[in-house]
Structures are given as structure tokens and as C-alpha cells.
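Asks: Provided below: upload.txt, containing compact mmCIF, N, CA and C atoms.
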# COMPACT_ATOMS: atom_id res chain seq x y z
N MET E 1 9.09 0.18 -11.65
CA MET E 1 7.91 0.92 -12.03
C MET E 1 7.42 1.76 -10.86
N ARG E 2 6.93 2.93 -11.19
CA ARG E 2 6.35 3.81 -10.18
C ARG E 2 4.83 3.72 -10.26
N TYR E 3 4.20 3.98 -9.14
CA TYR E 3 2.75 3.90 -9.06
C TYR E 3 2.20 5.21 -8.51
N GLN E 4 0.92 5.39 -8.70
CA GLN E 4 0.21 6.55 -8.17
C GLN E 4 -1.19 6.10 -7.77
N LEU E 5 -1.88 6.93 -7.01
CA LEU E 5 -3.26 6.61 -6.69
C LEU E 5 -4.03 6.46 -8.00
N ALA E 6 -4.89 5.48 -8.08
CA ALA E 6 -5.57 5.15 -9.33
C ALA E 6 -6.52 6.26 -9.79
N SER E 7 -7.06 7.02 -8.85
CA SER E 7 -7.95 8.12 -9.22
C SER E 7 -8.06 9.06 -8.04
N ASP E 8 -8.74 10.19 -8.29
CA ASP E 8 -8.96 11.13 -7.19
C ASP E 8 -10.04 10.62 -6.24
N LYS E 9 -10.60 9.46 -6.54
CA LYS E 9 -11.60 8.83 -5.68
C LYS E 9 -10.98 7.83 -4.70
N VAL E 10 -9.64 7.75 -4.71
CA VAL E 10 -8.93 6.88 -3.78
C VAL E 10 -8.19 7.77 -2.78
N ILE E 11 -8.46 7.52 -1.51
CA ILE E 11 -7.78 8.27 -0.46
C ILE E 11 -7.22 7.29 0.56
N GLY E 12 -6.14 7.67 1.19
CA GLY E 12 -5.55 6.80 2.20
C GLY E 12 -4.72 7.58 3.18
N LYS E 13 -4.61 7.03 4.35
CA LYS E 13 -3.84 7.68 5.42
C LYS E 13 -3.24 6.59 6.30
N VAL E 14 -1.99 6.80 6.71
CA VAL E 14 -1.33 5.89 7.63
C VAL E 14 -1.37 6.52 9.02
N VAL E 15 -1.92 5.77 9.97
CA VAL E 15 -2.00 6.21 11.36
C VAL E 15 -1.58 5.04 12.25
N ASP E 16 -0.60 5.28 13.10
CA ASP E 16 -0.15 4.25 14.04
C ASP E 16 0.14 2.91 13.36
N ASP E 17 0.94 2.94 12.31
CA ASP E 17 1.36 1.73 11.60
C ASP E 17 0.22 0.96 10.95
N GLU E 18 -0.88 1.64 10.65
CA GLU E 18 -1.96 1.03 9.88
C GLU E 18 -2.44 2.02 8.83
N ALA E 19 -2.53 1.53 7.61
CA ALA E 19 -3.07 2.36 6.53
C ALA E 19 -4.55 2.03 6.37
N VAL E 20 -5.34 3.06 6.23
CA VAL E 20 -6.75 2.91 5.89
C VAL E 20 -6.91 3.57 4.53
N VAL E 21 -7.35 2.80 3.56
CA VAL E 21 -7.48 3.27 2.19
C VAL E 21 -8.93 3.07 1.77
N ILE E 22 -9.50 4.10 1.16
CA ILE E 22 -10.90 4.04 0.76
C ILE E 22 -11.00 4.33 -0.74
N ASN E 23 -11.76 3.50 -1.43
CA ASN E 23 -12.11 3.75 -2.82
C ASN E 23 -13.53 4.29 -2.81
N LEU E 24 -13.66 5.58 -3.00
CA LEU E 24 -14.97 6.23 -2.90
C LEU E 24 -15.91 5.84 -4.04
N GLU E 25 -15.37 5.32 -5.13
CA GLU E 25 -16.23 4.85 -6.23
C GLU E 25 -16.94 3.55 -5.88
N THR E 26 -16.24 2.67 -5.19
CA THR E 26 -16.82 1.36 -4.87
C THR E 26 -17.38 1.29 -3.46
N GLY E 27 -16.94 2.21 -2.60
CA GLY E 27 -17.36 2.16 -1.20
C GLY E 27 -16.58 1.16 -0.38
N LEU E 28 -15.63 0.48 -0.98
CA LEU E 28 -14.81 -0.47 -0.25
C LEU E 28 -13.67 0.25 0.45
N TYR E 29 -13.34 -0.23 1.63
CA TYR E 29 -12.16 0.31 2.29
C TYR E 29 -11.26 -0.84 2.71
N TYR E 30 -10.01 -0.50 2.93
CA TYR E 30 -8.97 -1.50 3.09
C TYR E 30 -8.12 -1.17 4.31
N GLY E 31 -7.75 -2.19 5.05
CA GLY E 31 -6.84 -2.05 6.17
C GLY E 31 -5.53 -2.72 5.82
N ILE E 32 -4.45 -2.01 6.04
CA ILE E 32 -3.12 -2.52 5.73
C ILE E 32 -2.24 -2.23 6.94
N ASP E 33 -1.71 -3.29 7.57
CA ASP E 33 -0.95 -3.14 8.80
C ASP E 33 0.56 -3.21 8.58
N GLY E 34 1.28 -2.73 9.58
CA GLY E 34 2.72 -2.93 9.69
C GLY E 34 3.52 -2.57 8.46
N LEU E 35 4.28 -3.53 7.99
CA LEU E 35 5.16 -3.33 6.85
C LEU E 35 4.37 -2.97 5.59
N GLY E 36 3.18 -3.54 5.45
CA GLY E 36 2.32 -3.19 4.31
C GLY E 36 1.91 -1.74 4.33
N ALA E 37 1.67 -1.17 5.52
CA ALA E 37 1.31 0.24 5.63
C ALA E 37 2.46 1.12 5.17
N LYS E 38 3.68 0.74 5.52
CA LYS E 38 4.85 1.49 5.05
C LYS E 38 4.96 1.40 3.54
N ALA E 39 4.80 0.19 3.00
CA ALA E 39 4.89 0.01 1.55
C ALA E 39 3.80 0.83 0.85
N TRP E 40 2.58 0.86 1.39
CA TRP E 40 1.51 1.67 0.81
C TRP E 40 1.93 3.14 0.77
N ASP E 41 2.43 3.64 1.88
CA ASP E 41 2.83 5.04 1.98
C ASP E 41 3.89 5.36 0.94
N TRP E 42 4.88 4.47 0.80
CA TRP E 42 5.95 4.69 -0.17
C TRP E 42 5.43 4.64 -1.60
N LEU E 43 4.57 3.67 -1.90
CA LEU E 43 4.01 3.56 -3.24
C LEU E 43 3.19 4.80 -3.59
N ALA E 44 2.35 5.25 -2.67
CA ALA E 44 1.51 6.42 -2.91
C ALA E 44 2.36 7.69 -3.09
N ALA E 45 3.57 7.69 -2.51
CA ALA E 45 4.47 8.83 -2.64
C ALA E 45 5.35 8.75 -3.88
N GLY E 46 5.27 7.62 -4.62
CA GLY E 46 6.00 7.52 -5.87
C GLY E 46 7.22 6.63 -5.86
N ALA E 47 7.44 5.88 -4.79
CA ALA E 47 8.57 4.95 -4.77
C ALA E 47 8.31 3.80 -5.74
N THR E 48 9.39 3.23 -6.26
CA THR E 48 9.24 2.10 -7.19
C THR E 48 9.14 0.80 -6.41
N SER E 49 8.62 -0.20 -7.07
CA SER E 49 8.54 -1.53 -6.45
C SER E 49 9.94 -2.05 -6.13
N ASP E 50 10.92 -1.76 -6.99
CA ASP E 50 12.29 -2.20 -6.74
C ASP E 50 12.88 -1.52 -5.51
N GLU E 51 12.64 -0.21 -5.37
CA GLU E 51 13.16 0.51 -4.20
C GLU E 51 12.58 -0.07 -2.91
N ILE E 52 11.31 -0.35 -2.92
CA ILE E 52 10.66 -0.90 -1.74
C ILE E 52 11.18 -2.31 -1.45
N GLY E 53 11.29 -3.12 -2.49
CA GLY E 53 11.82 -4.48 -2.32
C GLY E 53 13.23 -4.48 -1.76
N ARG E 54 14.09 -3.60 -2.28
CA ARG E 54 15.47 -3.52 -1.79
C ARG E 54 15.51 -3.07 -0.32
N ALA E 55 14.70 -2.08 0.01
CA ALA E 55 14.69 -1.57 1.39
C ALA E 55 14.24 -2.65 2.36
N ILE E 56 13.20 -3.38 2.00
CA ILE E 56 12.70 -4.43 2.89
C ILE E 56 13.70 -5.58 2.98
N ALA E 57 14.27 -5.98 1.85
CA ALA E 57 15.23 -7.08 1.84
C ALA E 57 16.49 -6.72 2.63
N ALA E 58 16.88 -5.44 2.61
CA ALA E 58 18.06 -5.01 3.37
C ALA E 58 17.79 -5.09 4.87
N ARG E 59 16.57 -4.84 5.27
CA ARG E 59 16.22 -4.84 6.69
C ARG E 59 15.94 -6.26 7.20
N TYR E 60 15.35 -7.08 6.35
CA TYR E 60 14.98 -8.44 6.73
C TYR E 60 15.64 -9.42 5.76
N PRO E 61 16.97 -9.55 5.80
CA PRO E 61 17.69 -10.32 4.80
C PRO E 61 17.35 -11.81 4.77
N ALA E 62 16.80 -12.35 5.84
CA ALA E 62 16.47 -13.78 5.86
C ALA E 62 15.19 -14.05 5.09
N GLN E 63 14.51 -13.03 4.62
CA GLN E 63 13.23 -13.21 3.95
C GLN E 63 13.42 -13.31 2.44
N ALA E 64 13.58 -14.52 1.95
CA ALA E 64 13.81 -14.75 0.52
C ALA E 64 12.58 -14.40 -0.31
N GLN E 65 11.41 -14.36 0.30
CA GLN E 65 10.19 -14.12 -0.46
C GLN E 65 9.84 -12.65 -0.61
N VAL E 66 10.74 -11.73 -0.22
CA VAL E 66 10.41 -10.30 -0.24
C VAL E 66 9.95 -9.85 -1.62
N GLU E 67 10.66 -10.23 -2.66
CA GLU E 67 10.31 -9.80 -4.02
C GLU E 67 8.89 -10.27 -4.38
N ARG E 68 8.57 -11.53 -4.07
CA ARG E 68 7.23 -12.05 -4.35
C ARG E 68 6.18 -11.32 -3.51
N GLU E 69 6.51 -11.04 -2.26
CA GLU E 69 5.57 -10.34 -1.37
C GLU E 69 5.23 -8.96 -1.92
N VAL E 70 6.26 -8.22 -2.30
CA VAL E 70 6.05 -6.86 -2.81
C VAL E 70 5.25 -6.91 -4.11
N ALA E 71 5.60 -7.82 -5.01
CA ALA E 71 4.88 -7.94 -6.29
C ALA E 71 3.42 -8.32 -6.05
N GLY E 72 3.17 -9.26 -5.16
CA GLY E 72 1.79 -9.67 -4.85
C GLY E 72 1.00 -8.56 -4.20
N PHE E 73 1.64 -7.80 -3.32
CA PHE E 73 1.00 -6.68 -2.65
C PHE E 73 0.58 -5.62 -3.67
N ILE E 74 1.50 -5.27 -4.55
CA ILE E 74 1.20 -4.26 -5.58
C ILE E 74 0.11 -4.77 -6.51
N ASP E 75 0.17 -6.04 -6.87
CA ASP E 75 -0.88 -6.62 -7.71
C ASP E 75 -2.24 -6.51 -7.03
N GLY E 76 -2.29 -6.79 -5.74
CA GLY E 76 -3.54 -6.67 -4.99
C GLY E 76 -4.07 -5.25 -4.98
N LEU E 77 -3.17 -4.28 -4.83
CA LEU E 77 -3.58 -2.87 -4.81
C LEU E 77 -4.07 -2.40 -6.18
N THR E 78 -3.40 -2.85 -7.24
CA THR E 78 -3.84 -2.44 -8.57
C THR E 78 -5.13 -3.14 -8.96
N THR E 79 -5.27 -4.41 -8.61
CA THR E 79 -6.50 -5.16 -8.90
C THR E 79 -7.69 -4.53 -8.18
N ALA E 80 -7.46 -4.03 -6.97
CA ALA E 80 -8.54 -3.38 -6.20
C ALA E 80 -8.84 -1.98 -6.71
N GLY E 81 -8.09 -1.51 -7.70
CA GLY E 81 -8.33 -0.18 -8.25
C GLY E 81 -7.80 0.94 -7.37
N LEU E 82 -6.79 0.64 -6.55
CA LEU E 82 -6.25 1.65 -5.65
C LEU E 82 -5.00 2.32 -6.20
N LEU E 83 -4.20 1.58 -6.97
CA LEU E 83 -2.99 2.11 -7.58
C LEU E 83 -3.02 1.86 -9.07
N SER E 84 -2.32 2.72 -9.80
CA SER E 84 -2.11 2.50 -11.23
C SER E 84 -0.67 2.91 -11.55
N LEU E 85 -0.19 2.51 -12.71
CA LEU E 85 1.16 2.89 -13.11
C LEU E 85 1.24 4.40 -13.27
N ALA E 86 2.35 4.96 -12.84
CA ALA E 86 2.58 6.40 -12.97
C ALA E 86 3.45 6.64 -14.20
N PRO E 87 3.37 7.82 -14.77
CA PRO E 87 4.28 8.15 -15.86
C PRO E 87 5.72 8.05 -15.38
N ALA E 88 6.62 7.66 -16.26
CA ALA E 88 8.03 7.53 -15.90
C ALA E 88 8.57 8.88 -15.46
N SER E 89 9.21 8.90 -14.30
CA SER E 89 9.82 10.11 -13.78
C SER E 89 10.70 9.75 -12.60
N ASP E 90 11.50 10.69 -12.20
CA ASP E 90 12.29 10.50 -10.98
C ASP E 90 11.38 10.78 -9.81
N GLY E 91 11.33 9.84 -8.91
CA GLY E 91 10.48 10.00 -7.74
C GLY E 91 11.31 10.29 -6.52
N PRO E 92 10.66 10.47 -5.41
CA PRO E 92 11.38 10.75 -4.17
C PRO E 92 12.10 9.50 -3.67
N ALA E 93 13.18 9.72 -2.99
CA ALA E 93 13.88 8.60 -2.36
C ALA E 93 13.10 8.18 -1.13
N LEU E 94 13.28 6.93 -0.73
CA LEU E 94 12.64 6.48 0.51
C LEU E 94 13.24 7.26 1.67
N PRO E 95 12.43 7.56 2.67
CA PRO E 95 12.97 8.29 3.82
C PRO E 95 14.05 7.49 4.54
N ALA E 96 15.02 8.20 5.10
CA ALA E 96 16.12 7.53 5.78
C ALA E 96 15.75 7.12 7.20
N ASP E 97 14.80 7.80 7.78
CA ASP E 97 14.45 7.56 9.19
C ASP E 97 13.21 6.69 9.32
N ILE E 98 13.31 5.48 8.82
CA ILE E 98 12.17 4.56 8.81
C ILE E 98 12.10 3.83 10.15
N ALA E 99 10.93 3.81 10.75
CA ALA E 99 10.71 3.02 11.97
C ALA E 99 10.20 1.65 11.54
N TRP E 100 11.10 0.68 11.50
CA TRP E 100 10.77 -0.66 11.00
C TRP E 100 10.09 -1.49 12.07
N PRO E 101 9.15 -2.37 11.67
CA PRO E 101 8.62 -3.36 12.62
C PRO E 101 9.74 -4.31 13.05
N GLU E 102 9.62 -4.88 14.23
CA GLU E 102 10.63 -5.80 14.75
C GLU E 102 10.88 -7.00 13.84
N ALA E 103 9.81 -7.57 13.32
CA ALA E 103 9.94 -8.78 12.51
C ALA E 103 9.22 -8.59 11.18
N PHE E 104 9.67 -9.33 10.21
CA PHE E 104 9.01 -9.31 8.90
C PHE E 104 7.62 -9.92 9.04
N SER E 105 6.67 -9.32 8.36
CA SER E 105 5.32 -9.90 8.30
C SER E 105 4.83 -9.75 6.88
N PRO E 106 4.00 -10.66 6.43
CA PRO E 106 3.48 -10.57 5.06
C PRO E 106 2.75 -9.25 4.82
N LEU E 107 2.83 -8.78 3.60
CA LEU E 107 2.15 -7.54 3.22
C LEU E 107 0.74 -7.92 2.80
N GLU E 108 -0.22 -7.68 3.67
CA GLU E 108 -1.59 -8.12 3.44
C GLU E 108 -2.54 -6.93 3.35
N ILE E 109 -3.55 -7.13 2.54
CA ILE E 109 -4.60 -6.13 2.36
C ILE E 109 -5.90 -6.77 2.84
N ILE E 110 -6.56 -6.14 3.79
CA ILE E 110 -7.85 -6.65 4.28
C ILE E 110 -8.94 -5.75 3.71
N THR E 111 -9.90 -6.35 3.03
CA THR E 111 -10.99 -5.60 2.39
C THR E 111 -12.22 -5.61 3.27
N TYR E 112 -12.82 -4.44 3.42
CA TYR E 112 -14.06 -4.30 4.18
C TYR E 112 -15.13 -3.74 3.24
N ASP E 113 -16.32 -4.34 3.28
CA ASP E 113 -17.38 -3.85 2.40
C ASP E 113 -18.63 -3.41 3.16
N ASP E 114 -18.49 -3.22 4.46
CA ASP E 114 -19.66 -2.91 5.27
C ASP E 114 -20.22 -1.51 5.08
N VAL E 115 -19.51 -0.62 4.40
CA VAL E 115 -20.08 0.71 4.12
C VAL E 115 -20.31 0.93 2.63
N ALA E 116 -20.03 -0.07 1.81
CA ALA E 116 -20.16 0.08 0.36
C ALA E 116 -21.57 0.47 -0.04
N GLU E 117 -22.57 -0.14 0.58
CA GLU E 117 -23.95 0.17 0.23
C GLU E 117 -24.31 1.61 0.59
N MET E 118 -23.82 2.08 1.73
CA MET E 118 -24.11 3.46 2.13
C MET E 118 -23.46 4.45 1.17
N VAL E 119 -22.24 4.16 0.75
CA VAL E 119 -21.54 5.05 -0.19
C VAL E 119 -22.27 5.05 -1.53
N ALA E 120 -22.76 3.88 -1.96
CA ALA E 120 -23.49 3.80 -3.23
C ALA E 120 -24.79 4.60 -3.16
N LEU E 121 -25.44 4.61 -2.01
CA LEU E 121 -26.69 5.36 -1.86
C LEU E 121 -26.46 6.86 -1.76
N ASP E 122 -25.36 7.26 -1.18
CA ASP E 122 -25.05 8.67 -0.97
C ASP E 122 -23.59 8.93 -1.27
N PRO E 123 -23.22 8.95 -2.57
CA PRO E 123 -21.81 9.10 -2.93
C PRO E 123 -21.26 10.43 -2.46
N PRO E 124 -19.99 10.46 -2.08
CA PRO E 124 -19.37 11.70 -1.62
C PRO E 124 -19.21 12.72 -2.72
With the file now loaded, output its structure as C-alpha cells.

Replies:
Amino acid sequence: MRYQLASDKVIGKVVDDEAVVINLETGLYYGIDGLGAKAWDWLAAGATSDEIGRAIAARYPAQAQVEREVAGFIDGLTTAGLLSLAPASDGPALPADIAWPEAFSPLEIITYDDVAEMVALDPP
């Protein structure tokens, strides 16, 4: 399955191996580090969950939980209202020149709500 940003109110950027994603409707923002930041970037660009899972499993073959990690990560992003299913289409291939982290790390999403009230008072 391919995914896309859930709405035009979701923005995200990867800087120095960390993704910062903001849902302007809720005022919540999210920090995603390392391998999760790469997965976010690929998902937002239209890669499928299978493509991402295969790429990670090929790089970190000792990680039997890769499929569960990717599925849980995507579930977390969709539950947070950051991603939604995209219409079926051919998407871009994953880039060949990926700078991988040295070791596998869980794909985690950290939620921050410290600006949610300000966004609710003065929406963008």
C-alpha cells in the first residue's frame, strides 16, 4: 500500500536524520529519529510499506521484527492523522544512495503537545 500526507495541514521535513512533522489542525508535532526519519521521508514520497520493509530488512538482516516495526510505525502515523492511504499508482523507487544508520533502531514517533494550545488560539 502507498501512503500520502493525510491533508494539506500536515507538513514535515527531515533535517540531520530527524524528521519534524506538524499537524496544523491539532497543533501537535512529532519527532522521528534515525531509521524512522528515513521511513517517514519514503512514505511521504509515495513508497509502499513493502518497499520500505524490504529495504530495511536487506540492510539489517538480523532484525526479524522489521515487518512488525514498519507496520506499527505506519499505524502510528495514520492514527495520528499524519498519513492516509494513497490512490493506487506507481510510485517512485527508493533512492539508491541511502545513508543508513550504523545499527537498527526501532521506528519511534515522539509526540509533543507544548504548542497545541497556541496553534488552537491562532491557527495558521

Asks: Using only C-alpha atoms, which of E:Asp16, E:Glu25, E:Glu67, E:Asp113 sits nearest Pro101 of chain E?

Replies: E:Asp16

Asks: DSSP on the backbone, then: every residue of segment 4-118 of chain E marked strand (DSSP E or B), written as a list of chain:residue names.

Replies: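 Secondary structure check on segment 4-118 of chain E, strand (DSSP E or B): E:Gln4, E:Leu5, E:Val10, E:Ile11, E:Gly12, E:Lys13, E:Val14, E:Val15, E:Glu18, E:Ala19, E:Val20, E:Val21, E:Ile22, E:Asn23, E:Leu28, E:Tyr29, E:Tyr30, E:Gly31, E:Ile32, E:Asp33, E:Thr48, E:Leu83, E:Ser84, E:Leu85, E:Ile110, E:Thr111, E:Tyr112.
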
Asks: Output the selection as a compact mmCIF listing (two decimals), in the frame of the given file - N, CA and C atoms for each residue.

Replies:
# COMPACT_ATOMS: atom_id res chain seq x y z
N GLN E 4 0.92 5.39 -8.70
CA GLN E 4 0.21 6.55 -8.17
C GLN E 4 -1.19 6.10 -7.77
N LEU E 5 -1.88 6.93 -7.01
CA LEU E 5 -3.26 6.61 -6.69
C LEU E 5 -4.03 6.46 -8.00
N VAL E 10 -9.64 7.75 -4.71
CA VAL E 10 -8.93 6.88 -3.78
C VAL E 10 -8.19 7.77 -2.78
N ILE E 11 -8.46 7.52 -1.51
CA ILE E 11 -7.78 8.27 -0.46
C ILE E 11 -7.22 7.29 0.56
N GLY E 12 -6.14 7.67 1.19
CA GLY E 12 -5.55 6.80 2.20
C GLY E 12 -4.72 7.58 3.18
N LYS E 13 -4.61 7.03 4.35
CA LYS E 13 -3.84 7.68 5.42
C LYS E 13 -3.24 6.59 6.30
N VAL E 14 -1.99 6.80 6.71
CA VAL E 14 -1.33 5.89 7.63
C VAL E 14 -1.37 6.52 9.02
N VAL E 15 -1.92 5.77 9.97
CA VAL E 15 -2.00 6.21 11.36
C VAL E 15 -1.58 5.04 12.25
N GLU E 18 -0.88 1.64 10.65
CA GLU E 18 -1.96 1.03 9.88
C GLU E 18 -2.44 2.02 8.83
N ALA E 19 -2.53 1.53 7.61
CA ALA E 19 -3.07 2.36 6.53
C ALA E 19 -4.55 2.03 6.37
N VAL E 20 -5.34 3.06 6.23
CA VAL E 20 -6.75 2.91 5.89
C VAL E 20 -6.91 3.57 4.53
N VAL E 21 -7.35 2.80 3.56
CA VAL E 21 -7.48 3.27 2.19
C VAL E 21 -8.93 3.07 1.77
N ILE E 22 -9.50 4.10 1.16
CA ILE E 22 -10.90 4.04 0.76
C ILE E 22 -11.00 4.33 -0.74
N ASN E 23 -11.76 3.50 -1.43
CA ASN E 23 -12.11 3.75 -2.82
C ASN E 23 -13.53 4.29 -2.81
N LEU E 28 -15.63 0.48 -0.98
CA LEU E 28 -14.81 -0.47 -0.25
C LEU E 28 -13.67 0.25 0.45
N TYR E 29 -13.34 -0.23 1.63
CA TYR E 29 -12.16 0.31 2.29
C TYR E 29 -11.26 -0.84 2.71
N TYR E 30 -10.01 -0.50 2.93
CA TYR E 30 -8.97 -1.50 3.09
C TYR E 30 -8.12 -1.17 4.31
N GLY E 31 -7.75 -2.19 5.05
CA GLY E 31 -6.84 -2.05 6.17
C GLY E 31 -5.53 -2.72 5.82
N ILE E 32 -4.45 -2.01 6.04
CA ILE E 32 -3.12 -2.52 5.73
C ILE E 32 -2.24 -2.23 6.94
N ASP E 33 -1.71 -3.29 7.57
CA ASP E 33 -0.95 -3.14 8.80
C ASP E 33 0.56 -3.21 8.58
N THR E 48 9.39 3.23 -6.26
CA THR E 48 9.24 2.10 -7.19
C THR E 48 9.14 0.80 -6.41
N LEU E 83 -4.20 1.58 -6.97
CA LEU E 83 -2.99 2.11 -7.58
C LEU E 83 -3.02 1.86 -9.07
N SER E 84 -2.32 2.72 -9.80
CA SER E 84 -2.11 2.50 -11.23
C SER E 84 -0.67 2.91 -11.55
N LEU E 85 -0.19 2.51 -12.71
CA LEU E 85 1.16 2.89 -13.11
C LEU E 85 1.24 4.40 -13.27
N ILE E 110 -6.56 -6.14 3.79
CA ILE E 110 -7.85 -6.65 4.28
C ILE E 110 -8.94 -5.75 3.71
N THR E 111 -9.90 -6.35 3.03
CA THR E 111 -10.99 -5.60 2.39
C THR E 111 -12.22 -5.61 3.27
N TYR E 112 -12.82 -4.44 3.42
CA TYR E 112 -14.06 -4.30 4.18
C TYR E 112 -15.13 -3.74 3.24

Asks: In terms of the shortest atom-to-atom distance over all atoms listed in the file, which of E:Ala37, E:Leu83, E:Val66, E:Met1 is closest to Val14 of chain E?

Replies: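 Once distances to Val14 of chain E are computed over all atoms listed in the file, the minimum belongs to E:Ala37.
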
Asks: Select from segment 2-92 of chain E everything DSSP, run on the backbone, classes as alpha helix (DSSP H), then give the selection as a ChimeraX atom specification.

Replies: /E:34-44,49-59,66-79

Asks: So that I can check the surroundings of segment 40-45 of chain E, please list as a PDB file with N, CA and C atoms, keeping the file's coordinate frame every protein, DNA and RNA residue that reaches within 6.5 Å of it, counting all atoms listed in the file and ignoring chain neighbours fewer than 4 positions away.

Replies:
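Written file, selection-v6.pdb:
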ATOM      1  N   TYR E   3       4.200   3.980  -9.140  1.00  0.00           N
ATOM      2  CA  TYR E   3       2.750   3.900  -9.060  1.00  0.00           C
ATOM      3  C   TYR E   3       2.200   5.210  -8.510  1.00  0.00           C
ATOM      4  N   GLN E   4       0.920   5.390  -8.700  1.00  0.00           N
ATOM      5  CA  GLN E   4       0.210   6.550  -8.170  1.00  0.00           C
ATOM      6  C   GLN E   4      -1.190   6.100  -7.770  1.00  0.00           C
ATOM      7  N   LEU E   5      -1.880   6.930  -7.010  1.00  0.00           N
ATOM      8  CA  LEU E   5      -3.260   6.610  -6.690  1.00  0.00           C
ATOM      9  C   LEU E   5      -4.030   6.460  -8.000  1.00  0.00           C
ATOM     10  N   LEU E  35       4.280  -3.530   7.990  1.00  0.00           N
ATOM     11  CA  LEU E  35       5.160  -3.330   6.850  1.00  0.00           C
ATOM     12  C   LEU E  35       4.370  -2.970   5.590  1.00  0.00           C
ATOM     13  N   GLY E  36       3.180  -3.540   5.450  1.00  0.00           N
ATOM     14  CA  GLY E  36       2.320  -3.190   4.310  1.00  0.00           C
ATOM     15  C   GLY E  36       1.910  -1.740   4.330  1.00  0.00           C
ATOM     16  N   PRO E  92      10.660  10.470  -5.410  1.00  0.00           N
ATOM     17  CA  PRO E  92      11.380  10.750  -4.170  1.00  0.00           C
ATOM     18  C   PRO E  92      12.100   9.500  -3.670  1.00  0.00           C
TER      19      PRO E  92
END

Asks: Enter the distance from atom N of Asp8 of chain E to atom CA of Ile56 of chain E, in Å, rounded to one decimal.

Replies: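 Between these atoms lies a distance of 28.3 Å.
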
Asks: How many Å lie between atom CA of Ala58 of chain E and atom CA of Leu82 of chain E, rounded to one decimal?

Replies: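 That distance, rounded to one decimal, is 26.8 Å.
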
Asks: For Arg2 of chain E, work out the shell of residues within 6 Å, counting only C-alpha atoms and skipping chain neighbours fewer than 2 positions away, then give it as an MDAnalysis selection string.

Replies: chainID E and resid 46:48 86

Asks: Can you tell me how far atom CA of Arg54 of chain E sits from atom CA of Ile98 of chain E, in Å to one decimal?

Replies: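 For atom CA of Arg54 of chain E relative to atom CA of Ile98 of chain E, the distance reads 13.7 Å.
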
Asks: In terms of the shortest atom-to-atom distance over all atoms listed in the file, which of E:Tyr60, E:Ser49, E:Leu85, E:Glu69 is closest to Ala103 of chain E?

Replies: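 When distances to Ala103 of chain E are compared using all atoms listed in the file, the smallest one comes from E:Tyr60.
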
Asks: As AutoDock Vina command-line options, please: the centre and edge lengths in Å, to one decimal, of an axis-aligned box enclosing every listed atom of segment 13-31 of chain E with 8 Å added on each side.

Replies:
--center_x -8.0 --center_y 2.5 --center_z 3.9 --size_x 34.7 --size_y 26.4 --size_z 36.3

Asks: Which residue out of E:Ala55, E:Ala80, E:Ala71, E:Ala6 has the minimum interatomic distance to Gly27 of chain E when only C-alpha atoms are used?

Replies: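 Checking each of E:Ala55, E:Ala80, E:Ala71, E:Ala6 against Gly27 of chain E, counting only C-alpha atoms, the winner is E:Ala80.
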
Asks: My list of candidates is E:Gly81, E:Ile52, E:Thr26, E:Tyr112. Which is closest to Ala39 of chain E when distances are computed with only N, CA and C atoms?

Replies: E:Ile52
